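Trainee: Shown below is the structure under consideration.
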Amino acid sequence: MAFVTGFNGKRLLSSSRLALLEHPPTPARGLVLLHNRRGKPFSERDIHRWIRLNRSQHGAEKIDLLTYGPVPAFLTGVLDFVADPQVDLAVRLSLRTGCDTPPPDLAGLRDHGLHDVMLCPDEIADDRIDAWLDACAAAGLPLRLCLPLDQLDRVDGRIQPEAWAARGVRVVQWVLEDPFRWRPARPVPANLGDRFAGLAPAFTAAGIDVSVEGVPFCALPEAAWPHVINGPQLDLDHHQYTRQALDLALLLYKNRPHIVARALLLHLGRAMSYESPIDHGLLRRLLEDKPRWYRIALALRKITRYLPWPREASGEPASNEAAWEAALSSRRAEEEHRLGPACSACRLRRVCSRVTPAVRRYMPGFRPVKQEGDLVADPLQFALHRPRYVDAVDAVRCDLPRLMETLAAHARQVVDNTPPTHAFGRYHYKAENTYCLQHPGAVRWFSLTAEEKRSTGIGTFHAPCTMAVMVGGGIARYAGFALGRHSRMVCPMEVFSHRLVLHVDAQGHYVLLRDGAVVRPSQPGGPTYAPALLPTVIKPKLSLWDIDGSIFTQNLLVWEEPPGETSAREPAEISIIITSVRFTRRLQAVLLSIAHQQGIDLRRVEVIVAYVPGLDATDDLISAMAAAHPELRIVRSPFPERYAKSKGFVLNESIDLASGRWVMLLDSDILLPVDMLARIAAVSDDVPYIGPDRRKMLTPETTGRVLLGERTPWEHWDELVQSPGEERVKEAHVPVGFCQCVNARCLREVRYPEYDHFEGADWDFMVAIHDTFGEGLWLEETAVLHLDHGGSQWYGTHRHL
């Protein structure tokens with residue numbers, strides 16, 4: 001097999017589009033249905049909402065639009081909606097069809113931005129497939145095929161890898177069943193393994209990325225294992241849908257359009273608020289078309305909301321090692337009985353889905369065969385040796401940035417050649433949500449479930465820093481670090497022992513190493529994510545997913561750079577939290593007004609900027625401010641775009657990074673008088689909150705002069721206060737959202753509301769502070785300046801202001 005150097009220096013199979021990927025990307029494809037299982041179409045408005053949901057919550061960078069029937073006329077409008085720069089979705093759309101009707105004007109759809117086409121025919125021997133192949137080839141659209149495995153040996157003349165490749169086919173997925181199309185159960189051929197193993201090299205030679213999905217490994221010869229996609233591989237294979245997108249599509253597919261419309265609104269709201277388990281359950285009842293359950297539960301909630309909740313009985317073993325050892329032994333015995341002697345002792349049991357209901361339906365005579373050897377823990381152990389196809393979207397994602405290699409080299413040098421600043425052992429942390437034993441030099445974690453287990457908080461560190469931990473003596477699906485509620489830097493465990501290293505530079509760029517090699521952080525599923533940047537104040541926990549009974553973690557080692565700087569840094573007197581989305585120009589004016597405060601040591605002032613990297617120039621602005629005003633401590637608190645409007649979540653996560661005695665929540669368009677921080681620092685600790693008694697609304701003309709530097713607030717304050725514009729005095733009995741300064745001790749009891757909207761959240765927050773801790777302090781005759789923003793929302797605007 002000959003290889004040539006291809007795009008971005010990868011090894012490409014000659015005369016093909018396939019490449020051996022050193023760092024394969026994880027799934028980034030979403031799924032949106034254009035109709036339900038009865039063929040009832042969803043409205044174009046709901047399609048728009050569903051696309052937004054895939055992009056913002058599921059992290060999709062490309063989305064399949066599924067229609068098993070006529071392609072709707074509004075598809076062009078959907079493509080134009082996504083391409084609209086004002087919508088700013090940055091996602092590519094594809095068409096998934098069953099070839100049930102003749103192809104539409106694909107060249108026209110391509111001109112409107114269609115990315116590629118996926119054909120999912122019910123029968124391979126169908127002339128309509130040829131019509132679609134020819135139409136896609138004429139339009140220059142790449143093709144993906146999803147074909148039923150039961151026809152693998154029935155249409156020899158129709159399976160033509162070379163001819164398919166010439167017509168634009170890039171991916172072929174052989175599947176047991178299509179969950180979006182009902183078909184009668186037809187058994188797959190008895191010689192499935194040999195038949196596929198014989199075809200796979202022909203597909204690879206033609207430059208087609210071929211896989212077989214849902215079939216146990218032992219049903220095929222070992223030579224074909226690199227092409228097998230089972231459940232454990234689904235979350236790691238870049239041709240698959242993201243788990244959240246697929247689960248949502250399967251759930252909505254069986255519902256009526258009006259139910260789907262309500263469900264989409266609820267799902268969009270859940271991206272901006274805390275997800276209550278009760279709300280999640282009610283949503284599922286709603287999706288089952290039983291809205292009366294929702295009304296009954298809501299009525300019961302109003303009646304019982306003030307009644308005490310009974311304690312839940314714990315289903316876990318007693319908190320001692322003997323009980324857990326017994327429970328683990330019992331679980332292994334149950335699993336061996338459930339799986340049978342072949343699967344329970346097979347070396348592939350961690351990476352194979354074994355005998356699923358689909359296997360029983362389509363392979364009725366199949367009997368699993370035990371594979372002898374050492375346990376395989378890495379789901380991609382075989383697939384890493386298989387040449388893969390990547391489209392334009394994935395080609396960008398599968399390259400690790402050069403910066404990451406630079407960070408990795410630095411991390412290796414630090415870990416291998418310098419002593420750690422701190423070592424956190426068995427008495428410094430324990431498992432947070434499961435039983436553990438603190439052995440000499442290690443902590444043993446026990447688990448009977450597949451969910452994530454986290455350690456307690458280990459410490460607070462400031463970037464740049466490096467941390468390392470040994471994980472071993474057992475196996476888990478993923479292991480790594482957790483930062484905050486949703487940010488995870490984890491990777492698959494390939495063997496029974498790994499050394500994991502996380503290095504973060506001063507700007508929040510990071511790299512994850514497994515045994516010295518760079519690994520791309522995995523996306524375990526649910527609401528967790530691997531962020532583009534990390535906060536520059538780091539409060540790590542250890543994170544382990546799907547522990548196989550028990551596992552050990554050794555000391556967490558931390559290197560501070562330069563050594564001792566973080567430990568010597570004193571807590572701030574005042575922490576100012578500013579949330580800014582596309583408000584860079586106004587944020588610059590706000591930061592400058594803080595940097596020119598008088599009567600206070602700026603080294604005791606901490607500014608935490610919560611923002612979405614890449615949406616605007618905030619990163620460059622923070623770097624410039626740090627260079628020009630090194631005495632001012634600026635902390636980066638980055639979030640992914642899915643939280644761009646989740647104000648309560650963003651504020652609470654950023655509050656956890658604050659070290660000040662006072663915590664000020666400041667809008668990114670509010671300028672402070674030069675003595676305001678000094679006056680706050682002088683207030684006694686028994687005061688729960690502080691607020692200015694007025695704000696001056698600057699006109700667009702005055703705002704323009706401030707932004708252009710013609711009027712500097714620290715030099716022209718009185719002039720700006722006296723300039724034209726409305727002055728608002730004590731707008732409520734407590735300070736409202738534009739500038740709220742709260743004693744840090746109060747924030748340990750009262751958190752910012754995480755609503756599915758943010759209007760009124762600031763009011764509810766301060767009322768709760770007032771009602772809990774009593775009257776605060778107004779700074780009399782003290783005005784702040786409010787920059788004009790043309791009526792746009794200051795938070796989460798779509799314009800750059």
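Ordering of the structure tokens sets the chain letters (A, B, ...), residue numbers begin anew at 1 in every chain, and ligands are numbered from 1 in the order given.
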List the neighbours of segment 25-37 of chain A out to 8 Å using only C-alpha atoms; skip same-chain residues closer than 4 positions along the sequence, and give me the result as JSON, numbers by chain.

Mentor: {"A": [41, 42, 47, 50, 51, 54, 55, 58, 59, 60, 61, 62, 63, 64, 65, 66, 67, 180, 235, 236, 237, 238, 239, 240, 241, 242, 245, 246, 249, 252, 253, 254, 255, 256, 257, 394, 397, 398, 520, 522, 523]}

Trainee: Write out as a ChimeraX atom specification each polymer residue whose atoms come within 10 Å of segment 130-145 of chain A, counting only C-alpha atoms; drop sequence neighbours fewer than 5 positions from it.

Mentor: /A:94-97,99,101-111,114-121,124-125,158,164-174,208-210,239,391

Trainee: Could you write out the selected residues, including N, CA and C atoms, as a tab-separated table (two decimals), in the first residue's frame?

Mentor:
```
chain	number	residue	atom	x	y	z
A	94	SER	N	-26.04	19.64	5.54
A	94	SER	CA	-26.04	18.54	4.58
A	94	SER	C	-27.45	18.00	4.45
A	95	LEU	N	-27.68	17.22	3.42
A	95	LEU	CA	-28.99	16.60	3.18
A	95	LEU	C	-28.88	15.10	3.38
A	96	ARG	N	-29.76	14.53	4.22
A	96	ARG	CA	-29.84	13.08	4.39
A	96	ARG	C	-31.17	12.62	3.83
A	97	THR	N	-31.16	11.74	2.86
A	97	THR	CA	-32.38	11.34	2.18
A	97	THR	C	-32.40	9.83	1.97
A	99	CYS	N	-33.66	8.51	-0.78
A	99	CYS	CA	-33.75	8.31	-2.23
A	99	CYS	C	-35.15	7.87	-2.66
A	101	THR	N	-37.64	9.75	-3.63
A	101	THR	CA	-38.15	10.58	-4.71
A	101	THR	C	-36.98	11.03	-5.58
A	102	PRO	N	-37.25	11.48	-6.80
A	102	PRO	CA	-36.15	11.95	-7.66
A	102	PRO	C	-35.41	13.12	-7.03
A	103	PRO	N	-34.14	13.28	-7.35
A	103	PRO	CA	-33.36	14.37	-6.74
A	103	PRO	C	-33.84	15.73	-7.19
A	104	PRO	N	-33.77	16.75	-6.30
A	104	PRO	CA	-34.12	18.12	-6.66
A	104	PRO	C	-32.95	18.77	-7.40
A	105	ASP	N	-33.01	20.08	-7.52
A	105	ASP	CA	-31.93	20.84	-8.16
A	105	ASP	C	-30.76	20.94	-7.18
A	106	LEU	N	-29.89	19.94	-7.19
A	106	LEU	CA	-28.79	19.90	-6.23
A	106	LEU	C	-27.75	20.97	-6.51
A	107	ALA	N	-27.57	21.32	-7.77
A	107	ALA	CA	-26.63	22.40	-8.07
A	107	ALA	C	-27.10	23.71	-7.46
A	108	GLY	N	-28.41	23.94	-7.50
A	108	GLY	CA	-28.94	25.15	-6.87
A	108	GLY	C	-28.78	25.12	-5.36
A	109	LEU	N	-29.03	23.96	-4.76
A	109	LEU	CA	-28.84	23.84	-3.31
A	109	LEU	C	-27.36	24.02	-2.93
A	110	ARG	N	-26.46	23.49	-3.79
A	110	ARG	CA	-25.03	23.69	-3.54
A	110	ARG	C	-24.68	25.17	-3.54
A	111	ASP	N	-25.25	25.91	-4.47
A	111	ASP	CA	-24.98	27.35	-4.55
A	111	ASP	C	-25.49	28.09	-3.33
A	114	LEU	N	-25.20	24.07	0.45
A	114	LEU	CA	-25.29	22.67	0.85
A	114	LEU	C	-23.89	22.05	0.87
A	115	HIS	N	-23.56	21.38	1.98
A	115	HIS	CA	-22.21	20.87	2.21
A	115	HIS	C	-21.96	19.54	1.51
A	116	ASP	N	-22.84	18.57	1.72
A	116	ASP	CA	-22.74	17.27	1.05
A	116	ASP	C	-24.08	16.57	1.18
A	117	VAL	N	-24.15	15.32	0.70
A	117	VAL	CA	-25.40	14.56	0.70
A	117	VAL	C	-25.14	13.17	1.27
A	118	MET	N	-26.09	12.69	2.10
A	118	MET	CA	-26.03	11.33	2.63
A	118	MET	C	-27.23	10.54	2.09
A	119	LEU	N	-26.97	9.44	1.40
A	119	LEU	CA	-28.03	8.60	0.85
A	119	LEU	C	-28.22	7.38	1.73
A	120	CYS	N	-29.48	7.14	2.14
A	120	CYS	CA	-29.82	6.01	3.00
A	120	CYS	C	-30.93	5.20	2.34
A	121	PRO	N	-30.63	4.50	1.25
A	121	PRO	CA	-31.69	3.77	0.52
A	121	PRO	C	-32.16	2.54	1.27
A	124	ILE	N	-30.56	-1.42	-2.18
A	124	ILE	CA	-29.43	-1.01	-3.00
A	124	ILE	C	-29.77	-1.15	-4.48
A	125	ALA	N	-30.50	-2.18	-4.82
A	125	ALA	CA	-30.86	-2.42	-6.22
A	125	ALA	C	-32.06	-1.56	-6.59
A	158	ARG	N	-24.06	-4.39	-7.99
A	158	ARG	CA	-24.36	-3.00	-7.62
A	158	ARG	C	-23.28	-2.39	-6.73
A	164	TRP	N	-18.28	4.10	-7.66
A	164	TRP	CA	-18.86	4.99	-6.65
A	164	TRP	C	-17.91	6.14	-6.32
A	165	ALA	N	-16.63	5.80	-6.18
A	165	ALA	CA	-15.64	6.85	-5.86
A	165	ALA	C	-15.58	7.87	-6.98
A	166	ALA	N	-15.67	7.42	-8.23
A	166	ALA	CA	-15.62	8.34	-9.36
A	166	ALA	C	-16.83	9.27	-9.38
A	167	ARG	N	-17.92	8.87	-8.77
A	167	ARG	CA	-19.13	9.70	-8.73
A	167	ARG	C	-19.23	10.51	-7.44
A	168	GLY	N	-18.18	10.51	-6.65
A	168	GLY	CA	-18.13	11.39	-5.49
A	168	GLY	C	-18.41	10.74	-4.15
A	169	VAL	N	-18.53	9.40	-4.09
A	169	VAL	CA	-18.78	8.74	-2.82
A	169	VAL	C	-17.49	8.76	-2.00
A	170	ARG	N	-17.58	9.25	-0.78
A	170	ARG	CA	-16.40	9.36	0.09
A	170	ARG	C	-16.50	8.46	1.33
A	171	VAL	N	-17.73	8.14	1.75
A	171	VAL	CA	-17.93	7.34	2.97
A	171	VAL	C	-19.04	6.33	2.70
A	172	VAL	N	-18.83	5.09	3.13
A	172	VAL	CA	-19.87	4.05	3.08
A	172	VAL	C	-19.97	3.43	4.46
A	173	GLN	N	-21.18	3.49	5.02
A	173	GLN	CA	-21.44	2.91	6.33
A	173	GLN	C	-22.45	1.77	6.16
A	174	TRP	N	-22.00	0.54	6.44
A	174	TRP	CA	-22.89	-0.62	6.41
A	174	TRP	C	-23.49	-0.79	7.81
A	208	ILE	N	-12.44	5.22	-0.48
A	208	ILE	CA	-13.72	5.33	0.24
A	208	ILE	C	-13.52	4.84	1.67
A	209	ASP	N	-13.95	5.64	2.62
A	209	ASP	CA	-13.87	5.31	4.04
A	209	ASP	C	-15.04	4.40	4.38
A	210	VAL	N	-14.80	3.11	4.62
A	210	VAL	CA	-15.87	2.14	4.81
A	210	VAL	C	-15.87	1.63	6.24
A	239	HIS	N	-17.39	10.56	11.82
A	239	HIS	CA	-18.50	10.48	10.87
A	239	HIS	C	-19.85	10.33	11.56
A	391	ASP	N	-13.64	15.69	5.68
A	391	ASP	CA	-14.10	16.77	4.81
A	391	ASP	C	-13.42	18.07	5.24
```

Trainee: In Å, how far is it from atom CA of His23 of chain A to atom CA of Gly473 of chain A?

Mentor: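 Taking atom CA of His23 of chain A and atom CA of Gly473 of chain A, their separation equals 26.6 Å.
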
Trainee: Going by DSSP on the backbone, which bits of segment 613-731 of chain A are strand (DSSP E)? Write them as a PyMOL selection string, please.

Mentor: chain A and resi 633-638+662-667+670-671+689-697+727-729

Trainee: Determine the nearest neighbour of Tyr529 of chain A from the options A:Gly340, A:Gly516, A:Pro464, A:Pro640, counting only C-alpha atoms.

Mentor: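 For Tyr529 of chain A, the nearest of the candidates is A:Pro640.
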